[in-house]
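**Q** Sharing a structure below in structure tokens format, with a few things to ask.
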Amino acid sequence: MSDAASPAPSSGLSRRAWIMILTGAVIVTLSMGVRQSFGLFLRPVGLDLEIDRQTFGLIIAAQNLLFGLIQPFVGAWADKHGAGKVAIGGALVYLAGLAVAATAADALGLMLGFGALVGLSMAGVTFVVVLGAVGRAVPPEKRTLAFGIVTAGGSFGQFLVVPAAQGLLDALDWRLTLFVMGGLVALIIPLALGLAGKPPAPTARDGLPLKAALKEALTNPSYALLNLGFFVCGFHVAFVGTHLPAYLRDMGLSGGVGAASLALIGLFNIAGSWL
């Protein structure tokens with residue numbers, strides 16, 4: 001019997017499923033960890049490029065909006081062509097965005113790098129692609145466990161990468177730090193091989209057509225409440241991640257305090273994601 005068909009006796013998951021879960025979790029750790037560190041760049045970037053905090057905040061807001069808006073299309077591409085290919089493409093766009101941001105001379109360059117390219121790339125290297133692939137690889141009764149592991153990876157990235165980014169900013173300038181962070185993102189490319197494989201062709205039993213599915217979802221109160229819940233990310237998670245480190249520096253505290261604060265948020269969110 002092949003490895004892919006041989007379930008691990010203790011978990012009921014095949015070796016192939018565990019490979020997808022673990023590589024997916026590491027991909028999310030790297031992609032989300034780098035993204036969650038962008039608030040640390042507000043002060044050094046603002047001083048160097050002479051842009052105010054409102055402008056930097058608008059750039060991060062544009063990144064979040066693009067991240068959300070493109071997810072349905074990226075998810076459809078992953079379902080059609082395979083999560084591995086989409087993750088590699090997302091990583092390459094992510095690298096381009098960091099490179100453009102690292103060489104930016106003004107707010108427009110930063111918007112193109114941090115805002116547009118990174119925002120578009122995130123959909124390809126985070127939950128919509130990874131969870132879709134993992135969900136197909138595990139039996140229904142194990143999906144909650146698998147999704148919890150992958151989702152916790154995003155929080156672990158915040159705990160692990162944000163303090164490392166602050167250490168790099170203390171030792172290097174912000175431009176070199178972004179290139180080093182790009183090296184972490186580049187690791188997603190070989191890791192994406194763990195998600196490789198073309199999904200099975202859909203059948204009539206796989207669900208409703210898109211138009212009918214959207215109509216059903218939009219009339220379901222649970223779907224509306226779920227979407228309202230995601231606004232939490234914008235109203236406090238993204239807001240705190242962007243502005244808290246700079247605010248603490250204004251209060252006379254070191255950059256390490258801001259990084260440690262964000263890392264603690266990620267640490268406790270690991271437990272929340274698992275639960």
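Labels for the structure tokens follow display order: chains A, B, ..., residues from 1 in each chain, ligands from 1.
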Excluding range 65-71 of chain A and residues on its chain fewer than 5 positions from it, collect all residues at most 9 Å away from it, counting only C-alpha atoms, and give them as a ChimeraX atom specification.

**A** /A:60,76,115-116,118-124,128-129

**Q** For range 93-131 of chain A versus range 19-31 of chain A, which residues have an atom no more than 8 Å away, and what is each residue's nearest atom pair and distance in Å rounded to one decimal, using only C-alpha atoms, chain-then-number order, as JSON lines?

**A**
{"residue": "A:Met122", "atom": "CA", "partner": "A:Ser31", "partner_atom": "CA", "distance": 7.2}
{"residue": "A:Val125", "atom": "CA", "partner": "A:Ser31", "partner_atom": "CA", "distance": 6.4}
{"residue": "A:Thr126", "atom": "CA", "partner": "A:Val28", "partner_atom": "CA", "distance": 5.2}
{"residue": "A:Phe127", "atom": "CA", "partner": "A:Val28", "partner_atom": "CA", "distance": 7.1}
{"residue": "A:Val130", "atom": "CA", "partner": "A:Gly24", "partner_atom": "CA", "distance": 5.6}
{"residue": "A:Leu131", "atom": "CA", "partner": "A:Gly24", "partner_atom": "CA", "distance": 7.9}

**Q** Using only C-alpha atoms, pick whichever of A:Val162, A:Leu264, A:Ala101, A:Leu253 has the shortest atom-to-atom distance to Val45 in chain A.

**A**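 Closest to Val45 in chain A, using only C-alpha atoms: A:Ala101.
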
**Q** Quick one, how far is CA of Phe114 in chain A from CA of Phe56 in chain A?

**A**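 CA of Phe114 in chain A sits 9.5 Å away from CA of Phe56 in chain A.
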
**Q** Could you check how far CA of Ser155 in chain A sits from CA of Ser273 in chain A, in Å to one decimal?

**A**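 It comes out at 8.0 Å.
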
**Q** Could you check the closest approach to Phe41 in chain A for each of A:Leu110, A:Val100, A:Ala263, A:Leu169 and tell me which residue wins, using only C-alpha atoms?

**A** A:Leu169

**Q** Please identify all polymer residues within 12 Å of Phe231 in chain A, counting only C-alpha atoms, omitting same-chain residues fewer than 6 positions from it, and present them as a PDB file with C-alpha atoms, in the first residue's frame.

**A**
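That gives us out.pdb:
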ATOM      1  CA  ASN A  64      -5.496  44.498   3.559  1.00  0.00           C
ATOM      2  CA  LEU A  65      -8.279  45.427   1.144  1.00  0.00           C
ATOM      3  CA  GLY A  68      -9.407  40.291   0.884  1.00  0.00           C
ATOM      4  CA  ALA A 224     -23.467  37.452   7.589  1.00  0.00           C
ATOM      5  CA  LEU A 225     -22.306  37.085  11.191  1.00  0.00           C
ATOM      6  CA  VAL A 237      -5.616  43.381  14.804  1.00  0.00           C
ATOM      7  CA  ALA A 238      -4.306  45.239  11.740  1.00  0.00           C
ATOM      8  CA  PHE A 239      -4.698  48.590  13.500  1.00  0.00           C
TER       9      PHE A 239
END

**Q** Could you find all residues in range 2-247 of chain A that DSSP calls helix (DSSP H, G or I) from the backbone, and write them as number ranges by chain?

**A** A: 15-36, 38-49, 53-69, 71-81, 83-102, 107-125, 127-137, 140-171, 174-186, 188-195, 204-206, 210-218, 221-247

**Q** I'd like the contact shell of Val34 in chain A - 9 Å cut-off, only C-alpha atoms, skipping same-chain residues fewer than 6 positions apart - returned as number ranges by chain.

**A** A: 157-158, 161-162, 165, 181-182, 184-185
